[in-house]
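Visitor: The following file, my_file.csv, comprises CSV, C-alpha atoms:
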chain,number,residue,atom,x,y,z
A,1286,MET,CA,-50.4,-3.5,-12.0
A,1287,ASP,CA,-47.9,-1.1,-13.6
A,1288,VAL,CA,-45.3,0.4,-11.4
A,1289,ASP,CA,-43.6,3.7,-12.4
A,1290,ILE,CA,-39.9,3.4,-11.4
A,1291,ARG,CA,-38.7,6.4,-13.4
A,1292,THR,CA,-36.4,8.8,-11.6
A,1293,PRO,CA,-38.2,11.9,-10.4
A,1294,GLU,CA,-37.5,14.9,-12.7
A,1295,ALA,CA,-36.1,17.0,-9.9
A,1296,VAL,CA,-33.6,14.2,-9.0
A,1297,THR,CA,-32.7,13.8,-12.7
A,1298,GLN,CA,-32.0,17.5,-13.0
A,1299,ALA,CA,-29.7,17.4,-9.9
A,1300,LEU,CA,-27.8,14.3,-11.3
A,1301,ILE,CA,-26.9,16.1,-14.5
A,1302,ARG,CA,-25.4,19.1,-12.7
A,1303,PRO,CA,-21.9,18.4,-11.2
A,1304,THR,CA,-22.0,21.4,-9.0
A,1305,ILE,CA,-25.1,20.1,-7.3
A,1306,TYR,CA,-24.4,16.4,-7.0
A,1307,GLY,CA,-20.8,17.1,-6.1
A,1308,CYS,CA,-21.9,18.9,-2.9
A,1309,ILE,CA,-24.3,16.0,-2.1
A,1310,PHE,CA,-21.9,13.2,-2.8
A,1311,ALA,CA,-19.1,14.9,-0.7
A,1312,HIS,CA,-21.2,14.1,2.4
A,1313,CYS,CA,-21.9,10.5,1.4
A,1314,THR,CA,-19.8,7.6,2.7
A,1315,PRO,CA,-18.2,5.2,0.1
A,1316,GLN,CA,-20.8,2.6,0.8
A,1317,THR,CA,-23.6,5.1,0.2
A,1318,LEU,CA,-22.1,6.1,-3.1
A,1319,VAL,CA,-21.9,2.5,-4.2
A,1320,LEU,CA,-25.4,1.7,-3.3
A,1321,PHE,CA,-26.8,5.0,-4.8
A,1322,SER,CA,-24.9,4.3,-8.1
A,1323,ARG,CA,-27.0,1.1,-8.5
A,1324,THR,CA,-30.3,2.9,-8.5
A,1325,SER,CA,-30.3,4.1,-12.1
A,1326,ARG,CA,-28.0,4.7,-15.1
A,1327,THR,CA,-28.1,8.5,-14.4
A,1328,ALA,CA,-27.1,7.9,-10.8
A,1329,ARG,CA,-24.3,5.6,-11.9
A,1330,SER,CA,-23.0,8.2,-14.4
A,1331,ALA,CA,-23.1,11.0,-11.8
A,1332,VAL,CA,-21.2,8.9,-9.2
A,1333,GLN,CA,-18.6,7.8,-11.6
A,1334,ASP,CA,-18.0,11.4,-12.7
A,1335,TYR,CA,-17.8,12.5,-9.1
A,1336,MET,CA,-15.4,9.8,-8.1
A,1337,GLY,CA,-13.1,10.5,-11.0
A,1338,ARG,CA,-12.7,14.1,-9.7
A,1339,ALA,CA,-12.8,13.3,-6.0
A,1340,PHE,CA,-10.1,10.6,-6.3
A,1341,ASN,CA,-7.7,12.5,-8.6
A,1342,VAL,CA,-4.3,11.3,-7.3
A,1343,ASN,CA,-2.4,13.5,-9.7
A,1344,LYS,CA,-3.9,16.6,-8.2
A,1345,ARG,CA,-3.0,15.5,-4.7
A,1346,LEU,CA,0.5,14.5,-5.7
A,1347,SER,CA,1.1,18.0,-7.2
A,1348,ARG,CA,1.6,19.3,-3.7
A,1349,TYR,CA,4.8,17.2,-3.6
A,1350,PHE,CA,6.1,16.9,-7.1
A,1351,SER,CA,6.3,19.1,-10.2
A,1352,ASP,CA,5.3,16.3,-12.4
A,1353,PRO,CA,3.0,13.7,-10.7
A,1354,LEU,CA,3.0,11.5,-13.8
A,1355,ALA,CA,6.8,11.3,-13.7
A,1356,PHE,CA,6.6,10.2,-10.0
A,1357,ARG,CA,3.9,7.6,-10.8
A,1358,SER,CA,6.1,6.3,-13.6
A,1359,LEU,CA,8.9,5.9,-11.0
A,1360,GLN,CA,6.4,4.0,-8.8
A,1361,ALA,CA,5.7,1.6,-11.7
A,1362,ARG,CA,9.4,1.0,-12.3
A,1363,THR,CA,10.4,0.6,-8.7
A,1364,ALA,CA,7.2,-0.9,-7.2
A,1365,THR,CA,7.1,2.1,-4.8
A,1366,VAL,CA,3.8,2.6,-2.9
A,1367,ILE,CA,2.4,5.4,-0.8
A,1368,SER,CA,0.9,4.8,2.6
A,1369,GLY,CA,0.3,6.7,5.9
A,1370,SER,CA,-1.7,9.9,6.2
A,1371,PHE,CA,-1.6,10.8,2.5
A,1372,ALA,CA,-3.4,7.6,1.6
A,1373,LEU,CA,-5.8,8.0,4.4
A,1374,GLN,CA,-6.8,11.5,3.4
A,1375,PHE,CA,-7.1,10.4,-0.3
A,1376,PHE,CA,-9.7,7.8,0.6
A,1377,ASP,CA,-11.4,10.1,3.1
A,1378,ARG,CA,-11.6,12.9,0.5
A,1379,MET,CA,-10.2,15.3,3.1
A,1380,PHE,CA,-7.3,17.8,3.0
A,1381,TYR,CA,-4.7,17.8,5.8
A,1382,PRO,CA,-2.5,20.9,5.6
A,1383,GLU,CA,0.3,19.4,7.8
A,1384,LEU,CA,1.1,16.3,5.9
A,1385,ASP,CA,4.2,14.3,4.8
A,1386,LEU,CA,4.5,11.6,2.2
A,1387,ASP,CA,5.4,8.1,3.3
A,1388,LEU,CA,7.0,6.0,0.5
A,1389,TYR,CA,7.6,2.3,0.8
A,1390,VAL,CA,10.3,0.8,-1.5
A,1391,HIS,CA,11.5,-2.8,-1.8
A,1392,SER,CA,15.0,-3.3,-0.2
A,1393,ASN,CA,17.1,-3.4,-3.4
A,1394,ASP,CA,19.2,-1.0,-5.4
A,1395,LEU,CA,16.1,0.8,-6.8
A,1396,VAL,CA,16.0,2.6,-3.4
A,1397,LEU,CA,18.8,4.7,-4.8
A,1398,ASP,CA,16.7,5.8,-7.8
A,1399,VAL,CA,13.8,6.9,-5.6
A,1400,GLY,CA,16.1,9.0,-3.4
A,1401,LEU,CA,17.8,10.6,-6.4
A,1402,TYR,CA,14.4,11.5,-7.8
A,1403,LEU,CA,13.4,13.1,-4.5
A,1404,GLN,CA,16.6,15.1,-4.5
A,1405,SER,CA,15.9,16.3,-8.1
A,1406,GLU,CA,12.5,17.5,-6.8
A,1407,GLY,CA,14.2,19.7,-4.1
A,1408,TYR,CA,14.0,17.3,-1.2
A,1409,VAL,CA,17.1,17.1,1.1
A,1410,TYR,CA,18.4,13.8,2.4
A,1411,GLN,CA,18.6,14.0,6.3
A,1412,PRO,CA,20.8,11.1,7.5
A,1413,ASP,CA,20.5,9.8,11.0
A,1414,SER,CA,23.6,9.5,13.1
A,1415,TRP,CA,24.2,5.9,11.9
A,1416,ASP,CA,23.7,6.7,8.2
A,1417,LEU,CA,26.4,7.8,5.8
A,1418,GLU,CA,26.2,11.4,4.8
A,1419,ASN,CA,26.2,10.7,1.1
A,1420,TRP,CA,22.9,9.1,-0.3
A,1421,PRO,CA,24.4,6.8,-3.0
A,1422,SER,CA,27.1,5.6,-0.6
A,1423,GLU,CA,24.5,4.9,2.1
A,1424,ILE,CA,22.4,2.8,-0.3
A,1425,HIS,CA,25.4,0.9,-1.6
A,1426,ARG,CA,26.3,0.1,2.0
A,1427,LEU,CA,22.7,-1.0,2.7
A,1428,CYS,CA,22.4,-3.2,-0.3
A,1429,GLY,CA,25.8,-4.8,0.5
A,1430,ARG,CA,24.6,-5.5,4.1
A,1431,LEU,CA,21.3,-6.9,2.9
A,1432,GLN,CA,23.1,-9.2,0.5
A,1433,GLU,CA,25.3,-10.6,3.2
A,1434,ASN,CA,22.5,-11.2,5.6
A,1435,ASP,CA,19.9,-12.4,3.0
A,1436,VAL,CA,18.3,-15.8,3.3
A,1437,GLU,CA,17.2,-17.1,0.0
A,1438,ILE,CA,14.4,-19.7,-0.3
A,1439,ASP,CA,16.1,-21.5,-3.2
A,1440,ASN,CA,19.2,-22.1,-1.0
A,1441,ASP,CA,17.7,-22.4,2.5
A,1442,THR,CA,15.4,-24.9,4.2
A,1443,ASN,CA,13.5,-22.3,6.4
A,1444,PRO,CA,11.8,-19.7,4.3
A,1445,TYR,CA,9.4,-18.5,7.0
A,1446,ALA,CA,11.6,-15.9,8.9
A,1447,LEU,CA,9.8,-12.7,9.5
A,1448,ARG,CA,11.2,-9.5,7.9
A,1449,TYR,CA,10.1,-6.0,8.5
A,1450,THR,CA,11.3,-2.6,7.6
A,1451,ARG,CA,15.0,-2.8,6.7
A,1452,ALA,CA,15.8,1.0,7.0
A,1453,VAL,CA,14.0,4.3,7.3
A,1454,TYR,CA,15.3,7.4,5.4
A,1455,THR,CA,14.1,11.0,5.6
A,1456,PHE,CA,14.0,13.5,2.8
A,1457,ILE,CA,12.8,16.8,4.0
A,1458,ARG,CA,11.2,19.9,2.5
A,1459,GLY,CA,9.0,20.5,5.6
A,1460,PRO,CA,8.4,19.0,9.1
A,1461,ALA,CA,8.2,15.2,9.3
A,1462,ASP,CA,5.1,13.4,10.6
A,1463,ASP,CA,5.0,10.9,13.5
A,1464,ALA,CA,4.1,7.3,12.8
A,1465,GLN,CA,1.9,4.8,14.7
A,1466,ASP,CA,0.5,1.5,13.7
A,1467,GLU,CA,-3.2,1.7,13.4
A,1468,THR,CA,-5.7,0.1,11.0
A,1469,CYS,CA,-6.9,3.5,9.8
A,1470,VAL,CA,-3.6,4.1,8.0
A,1471,MET,CA,-3.5,0.7,6.3
A,1472,ASN,CA,-4.2,2.2,2.9
A,1473,VAL,CA,-1.7,2.1,0.0
A,1474,ILE,CA,-1.5,3.9,-3.3
A,1475,ALA,CA,0.3,2.2,-6.1
A,1476,TYR,CA,0.9,3.6,-9.6
A,1477,ASN,CA,-2.3,2.1,-11.0
A,1478,ALA,CA,-4.7,1.6,-8.0
A,1479,ALA,CA,-5.4,2.7,-4.5
A,1480,TYR,CA,-6.3,0.1,-1.8
A,1481,SER,CA,-8.1,0.7,1.5
A,1482,LEU,CA,-7.5,-2.5,3.5
A,1483,PHE,CA,-10.1,-1.8,6.3
A,1484,PRO,CA,-12.6,0.4,4.5
A,1485,LEU,CA,-15.7,-0.4,6.6
A,1486,PRO,CA,-14.3,0.6,10.0
A,1487,THR,CA,-12.0,3.3,8.6
A,1488,LEU,CA,-14.4,5.1,6.2
A,1489,GLU,CA,-17.9,4.1,7.4
A,1490,TYR,CA,-17.6,3.9,11.2
A,1491,TYR,CA,-14.4,6.1,11.7
A,1492,GLU,CA,-12.9,3.5,14.0
A,1493,SER,CA,-9.2,2.5,14.2
A,1494,LEU,CA,-7.7,-0.5,15.9
A,1495,VAL,CA,-4.3,0.2,17.5
A,1496,LEU,CA,-1.9,-2.6,16.5
A,1497,ASN,CA,0.6,-3.9,19.1
A,1498,ALA,CA,-0.7,-1.4,21.6
A,1499,SER,CA,1.7,-2.6,24.3
A,1500,ASN,CA,4.5,-0.9,22.3
A,1501,VAL,CA,2.6,2.4,21.7
A,1502,SER,CA,5.2,5.1,21.2
A,1503,GLY,CA,3.6,7.5,18.7
A,1504,ARG,CA,1.6,9.5,21.2
A,1505,LYS,CA,1.4,12.4,18.8
A,1506,ALA,CA,0.2,10.1,16.0
A,1507,LEU,CA,-2.6,8.8,18.2
A,1508,GLU,CA,-3.6,12.3,19.1
A,1509,LYS,CA,-3.5,13.4,15.5
A,1510,TYR,CA,-5.9,10.7,14.2
A,1511,SER,CA,-8.2,11.2,17.1
A,1512,ARG,CA,-8.3,14.9,16.4
A,1513,ARG,CA,-9.1,14.1,12.7
A,1514,GLY,CA,-12.2,12.1,13.8
A,1515,TRP,CA,-11.1,8.5,14.3
A,1516,ARG,CA,-12.1,6.6,17.5
A,1517,THR,CA,-9.1,4.6,18.4
A,1518,ILE,CA,-9.6,1.1,20.0
A,1519,ALA,CA,-6.8,-0.5,22.0
A,1520,ASN,CA,-7.6,-3.8,23.6
A,1521,SER,CA,-9.5,-6.2,21.3
A,1522,PRO,CA,-10.8,-9.3,23.2
A,1523,PRO,CA,-13.8,-7.8,25.0
A,1524,LEU,CA,-14.9,-6.2,21.8
A,1525,VAL,CA,-14.2,-8.9,19.2
A,1526,PRO,CA,-17.9,-9.7,18.5
A,1527,PHE,CA,-18.5,-6.0,18.0
A,1528,LEU,CA,-15.3,-5.5,15.9
A,1529,GLU,CA,-16.2,-8.4,13.6
A,1530,THR,CA,-19.5,-6.7,12.7
A,1531,HIS,CA,-17.6,-3.5,11.9
A,1532,GLY,CA,-15.2,-5.0,9.4
A,1533,PHE,CA,-12.3,-6.3,11.6
A,1534,HIS,CA,-12.0,-10.0,10.7
A,1535,PHE,CA,-9.7,-11.8,13.2
A,1536,ASP,CA,-7.9,-15.0,12.3
A,1537,THR,CA,-9.0,-14.7,8.7
A,1538,PRO,CA,-6.3,-14.6,6.0
A,1539,ARG,CA,-6.5,-11.4,4.0
A,1540,TRP,CA,-5.0,-10.2,0.8
A,1541,VAL,CA,-4.6,-6.7,-0.6
A,1542,CYS,CA,-6.6,-7.7,-3.7
A,1543,ASP,CA,-9.4,-9.6,-1.8
A,1544,GLY,CA,-13.1,-8.7,-1.7
A,1545,ARG,CA,-12.8,-6.9,1.7
A,1546,THR,CA,-10.5,-4.3,0.3
A,1547,TRP,CA,-11.8,-1.2,-1.4
A,1548,THR,CA,-9.9,-0.9,-4.6
A,1549,ILE,CA,-10.0,2.3,-6.7
A,1550,PRO,CA,-8.5,1.9,-10.2
A,1551,LEU,CA,-6.4,5.0,-11.1
A,1552,SER,CA,-6.0,6.3,-14.6
A,1553,THR,CA,-2.4,5.6,-15.8
A,1554,GLU,CA,-2.7,7.8,-18.9
A,1555,GLY,CA,0.6,9.6,-19.3
A,1556,ALA,CA,2.4,7.3,-16.9
A,1557,ALA,CA,4.9,4.7,-17.9
A,1558,SER,CA,4.1,1.0,-17.4
A,1559,PRO,CA,6.3,-1.3,-15.3
A,1560,PRO,CA,9.3,-2.6,-17.3
A,1561,ARG,CA,10.1,-6.2,-17.9
A,1562,ALA,CA,12.4,-7.5,-15.1
A,1563,SER,CA,14.4,-9.3,-17.8
A,1564,PRO,CA,14.0,-10.0,-21.5
A,1565,LEU,CA,12.6,-13.4,-20.7
A,1566,SER,CA,10.0,-12.2,-18.2
A,1567,ASP,CA,6.4,-11.0,-18.8
A,1568,ALA,CA,5.8,-7.4,-18.0
A,1569,LEU,CA,3.6,-6.8,-14.9
A,1570,SER,CA,0.2,-5.3,-15.5
A,1571,TRP,CA,-0.3,-4.6,-11.8
A,1572,ASP,CA,1.7,-3.6,-8.7
A,1573,PRO,CA,3.2,-6.5,-6.7
A,1574,ILE,CA,1.6,-5.0,-3.5
A,1575,ALA,CA,-1.7,-6.4,-4.6
A,1576,GLU,CA,-0.5,-10.0,-4.0
A,1577,SER,CA,0.6,-9.5,-0.4
A,1578,GLY,CA,-1.4,-10.8,2.6
A,1579,TRP,CA,-1.7,-10.8,6.4
A,1580,THR,CA,-3.9,-12.0,9.2
A,1581,LEU,CA,-5.3,-9.9,12.1
A,1582,LYS,CA,-4.6,-11.7,15.3
A,1583,ARG,CA,-4.6,-11.4,19.0
A,1584,GLY,CA,-1.0,-11.3,20.2
A,1585,LYS,CA,0.8,-11.0,23.5
A,1586,TYR,CA,-1.5,-9.7,26.3
A,1587,ASP,CA,-4.3,-9.9,23.7
A,1588,TRP,CA,-3.2,-6.8,21.8
A,1589,ALA,CA,-4.2,-6.8,18.2
A,1590,VAL,CA,-1.3,-7.6,15.9
A,1591,LEU,CA,-0.8,-8.3,12.2
A,1592,GLY,CA,0.5,-11.8,11.5
A,1593,PHE,CA,2.4,-12.4,8.3
A,1594,GLY,CA,5.5,-14.0,6.8
A,1595,THR,CA,7.7,-12.6,4.2
A,1596,VAL,CA,9.7,-14.4,1.5
A,1597,SER,CA,12.8,-13.4,-0.4
A,1598,THR,CA,14.0,-15.5,-3.4
A,1599,LYS,CA,15.8,-14.6,-6.6
A,1600,VAL,CA,13.1,-16.4,-8.5
A,1601,LEU,CA,10.8,-13.4,-7.6
A,1602,ARG,CA,11.8,-9.9,-8.6
A,1603,TRP,CA,9.9,-8.4,-5.6
A,1604,GLY,CA,9.3,-9.4,-2.0
A,1605,TYR,CA,5.8,-10.4,-0.8
A,1606,THR,CA,4.0,-11.1,2.5
A,1607,THR,CA,1.7,-13.9,3.1
A,1608,ALA,CA,-0.6,-15.0,5.9
A,1609,ASN,CA,-1.0,-18.5,4.8
A,1610,ASP,CA,1.9,-20.9,5.6
A,1611,ASP,CA,0.3,-23.7,3.6
A,1612,TYR,CA,0.3,-21.5,0.5
A,1613,LEU,CA,4.0,-20.7,1.1
A,1614,ARG,CA,4.9,-24.3,1.6
A,1615,LEU,CA,3.3,-25.2,-1.7
A,1616,LEU,CA,5.3,-22.5,-3.5
A,1617,LYS,CA,8.5,-23.5,-1.8
A,1618,ILE,CA,8.8,-26.7,-3.9
A,1619,PHE,CA,8.7,-24.5,-7.1
A,1620,PHE,CA,11.0,-21.9,-5.6
A,1621,VAL,CA,13.7,-24.4,-4.7
A,1622,LYS,CA,13.7,-26.3,-8.0
A,1623,GLN,CA,13.4,-23.2,-10.2
A,1624,GLY,CA,16.1,-21.3,-8.2
A,1625,ARG,CA,18.6,-24.1,-8.6
A,1626,MET,CA,17.9,-24.3,-12.3
A,1627,GLU,CA,18.3,-20.6,-12.8
A,1628,HIS,CA,21.6,-20.7,-10.9
A,1629,SER,CA,22.8,-23.6,-13.0
A,1630,LYS,CA,22.3,-21.4,-16.2
A,1631,LEU,CA,24.8,-18.8,-15.0
A,1632,PRO,CA,28.2,-19.0,-16.8
A,1633,VAL,CA,31.2,-19.6,-14.6
A,1634,GLY,CA,32.3,-16.4,-12.9
A,1635,ARG,CA,29.1,-14.5,-13.6
A,1636,THR,CA,26.3,-13.5,-11.1
A,1637,MET,CA,22.6,-13.1,-11.6
A,1638,GLU,CA,22.9,-9.3,-11.6
A,1639,ASP,CA,25.2,-9.4,-14.7
A,1640,SER,CA,23.3,-12.2,-16.5
A,1641,LEU,CA,19.8,-10.8,-16.7
A,1642,ASP,CA,19.7,-11.7,-20.4
A,1643,ILE,CA,19.4,-15.4,-19.4
A,1644,TRP,CA,17.6,-15.1,-16.0
A,1645,THR,CA,13.9,-15.7,-15.8
A,1646,TRP,CA,12.1,-13.8,-13.0
Kindly return the structure encoded in the file as structure tokens.
Guide:
Amino acid sequence: MDVDIRTPEAVTQALIRPTIYGCIFAHCTPQTLVLFSRTSRTARSAVQDYMGRAFNVNKRLSRYFSDPLAFRSLQARTATVISGSFALQFFDRMFYPELDLDLYVHSNDLVLDVGLYLQSEGYVYQPDSWDLENWPSEIHRLCGRLQENDVEIDNDTNPYALRYTRAVYTFIRGPADDAQDETCVMNVIAYNAAYSLFPLPTLEYYESLVLNASNVSGRKALEKYSRRGWRTIANSPPLVPFLETHGFHFDTPRWVCDGRTWTIPLSTEGAASPPRASPLSDALSWDPIAESGWTLKRGKYDWAVLGFGTVSTKVLRWGYTTANDDYLRLLKIFFVKQGRMEHSKLPVGRTMEDSLDIWTW
């Protein structure tokens, strides 16, 4: 028996008119878009065209920067990523008028470059009472303090110390937003891709698990995300079976680049690629954030927490997080031996920073 699986003419006509399918797709969840794109070549072409316009990061960044491509080139050079409400609205295809921009930068001297760029764009550095008034002076002090307190894997026997945010700085051109740890804001935008780490609960069910809820301090942030449509969940144990079916996977090692993350490749046309860390190193073709990991766990009083360890070693140009201690122990053998070898190459009286021509990242 012959079966006619051709797309109906009326549907075909709708799928070749962006003004029509754009209105339809705007009301579809990401999962619906993916499934619909698999129904025919025409549908796939329409969905790809829609997503190219709906997820235009340059257009959204133009609210903050005169040249979005210049900012994304800065991202590539400094491994800076965007998170918070901006990344959430990007994935949700919404527009929040009262919105700041949360930038996350590795704790090294490149923080200075990011701040200077913000100042060149008209943002004003707002130091806290414990910060120096001058931006370059504050970052020189920060880097000096970090260098004194740093624990390097290649020189230390315990690489598993947890590290979190080293410092928070504010550059203002409008009111700042409040922050609160919730899974709905666990989305990051790098120079070449956007990652939603909990896409199913965040974008399909509009549910958000509050992390470390025993220390909730961002009342306004909780109110803000509830007002925007997310159902916040505090205590996890009674709901674990339910949460598992909605995309929260407890005690399962996760990685930014794993199959549970929704990854949207971003066009890098016009933006600079990441530079080589040294003449002997290969250039990166992706952002380091993609290799970071964590585990969703039940912590003190059964509140949901993120478990992860961070590692700092001069063998690696950037810092990473990992949820797998066995993986880190395996790498430690390499880090220790490679680190000692790299240090042995340094001429007497010279440091790594002034010997990048012989240092291999």
Visitor: How would you write as a CSV table (one decimal) with C-alpha atoms, in the coordinates of the input the residues that get within 8 Å of (-11.9, 0.1, 8.8) in the file's frame, counting all atoms listed in the file?
Guide:
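result11.csv written:
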chain,number,residue,atom,x,y,z
A,1468,THR,CA,-5.7,0.1,11.0
A,1469,CYS,CA,-6.9,3.5,9.8
A,1482,LEU,CA,-7.5,-2.5,3.5
A,1483,PHE,CA,-10.1,-1.8,6.3
A,1484,PRO,CA,-12.6,0.4,4.5
A,1485,LEU,CA,-15.7,-0.4,6.6
A,1486,PRO,CA,-14.3,0.6,10.0
A,1487,THR,CA,-12.0,3.3,8.6
A,1488,LEU,CA,-14.4,5.1,6.2
A,1489,GLU,CA,-17.9,4.1,7.4
A,1490,TYR,CA,-17.6,3.9,11.2
A,1491,TYR,CA,-14.4,6.1,11.7
A,1492,GLU,CA,-12.9,3.5,14.0
A,1493,SER,CA,-9.2,2.5,14.2
A,1531,HIS,CA,-17.6,-3.5,11.9
A,1532,GLY,CA,-15.2,-5.0,9.4
A,1533,PHE,CA,-12.3,-6.3,11.6
Visitor: Which one of A:Val1453, A:Leu1397, A:Tyr1408, A:Val1590 sits closest to Trp1420 of chain A if you count all atoms listed in the file?
Guide: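 The closest residue to Trp1420 of chain A is A:Leu1397.
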Visitor: Smallest atom-to-atom distance to Phe1456 of chain A: which of A:Thr1607, A:Thr1580, A:Ser1511, A:Ser1405, using only C-alpha atoms?
Guide: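 Checking each of A:Thr1607, A:Thr1580, A:Ser1511, A:Ser1405 against Phe1456 of chain A, counting only C-alpha atoms, the winner is A:Ser1405.
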Visitor: For atom CA of Leu1395 of chain A and atom CA of Asn1341 of chain A, determine how far apart the two atoms are, in Å to one decimal place.
Guide: 26.6 Å
Visitor: What's the 12 Å shell around His1312 of chain A, counting only C-alpha atoms, without same-chain residues fewer than 4 positions away, as a list in words?
Guide: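 Everything that qualifies: Tyr1306, Gly1307, Cys1308, Gln1316, Thr1317, Leu1318, Ala1339, Asp1377, Arg1378, Met1379, Leu1488 and Glu1489 of chain A.
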Visitor: Taking all atoms listed in the file into account, which of A:Asn1393, A:Asn1497, A:Ser1351, A:Thr1304 comes nearest Asp1587 of chain A?
Guide: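 Going through A:Asn1393, A:Asn1497, A:Ser1351, A:Thr1304 one by one, the smallest distance to Asp1587 of chain A is for A:Asn1497.
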Visitor: Could you check which of A:Leu1373, A:Pro1632, A:Ala1328, A:Ala1608 is closest to Trp1515 of chain A, using all atoms listed in the file?
Guide: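 With all atoms listed in the file as the atom set, the closest residue is A:Leu1373.
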Visitor: To one decimal in Å, tell me the separation between atom CA of Ile1618 of chain A and atom CA of Trp1540 of chain A.
Guide: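 These atoms are spaced 22.0 Å apart.
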Visitor: Skip Arg1302 of chain A itself and residues of its chain fewer than 5 positions away, then list as a PyMOL selection string all residues within 12 Å of it, counting only C-alpha atoms.
Guide: chain A and resi 1295-1297+1307-1309+1327-1328+1330-1332+1334-1335
Visitor: I'd like the interatomic distance between atom CA of Leu1565 of chain A and atom CA of Asp1642 of chain A, to a tenth of an Å.
Guide: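 Taking atom CA of Leu1565 of chain A and atom CA of Asp1642 of chain A, their separation equals 7.3 Å.
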Visitor: Tell me which of A:Ser1563, A:Thr1598, A:Ile1457, A:Glu1294 sits closest to Asp1639 of chain A, counting all atoms listed in the file.
Guide: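 Among the listed residues, the smallest separation from Asp1639 of chain A belongs to A:Ser1563.
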Visitor: Out of A:Ser1577, A:Ser1570, A:Gln1333, A:Ser1481, which residue has the shortest atom-to-atom distance to Thr1548 of chain A when counting all atoms listed in the file?
Guide: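 Comparing A:Ser1577, A:Ser1570, A:Gln1333, A:Ser1481 against Thr1548 of chain A, the winner is A:Ser1481.
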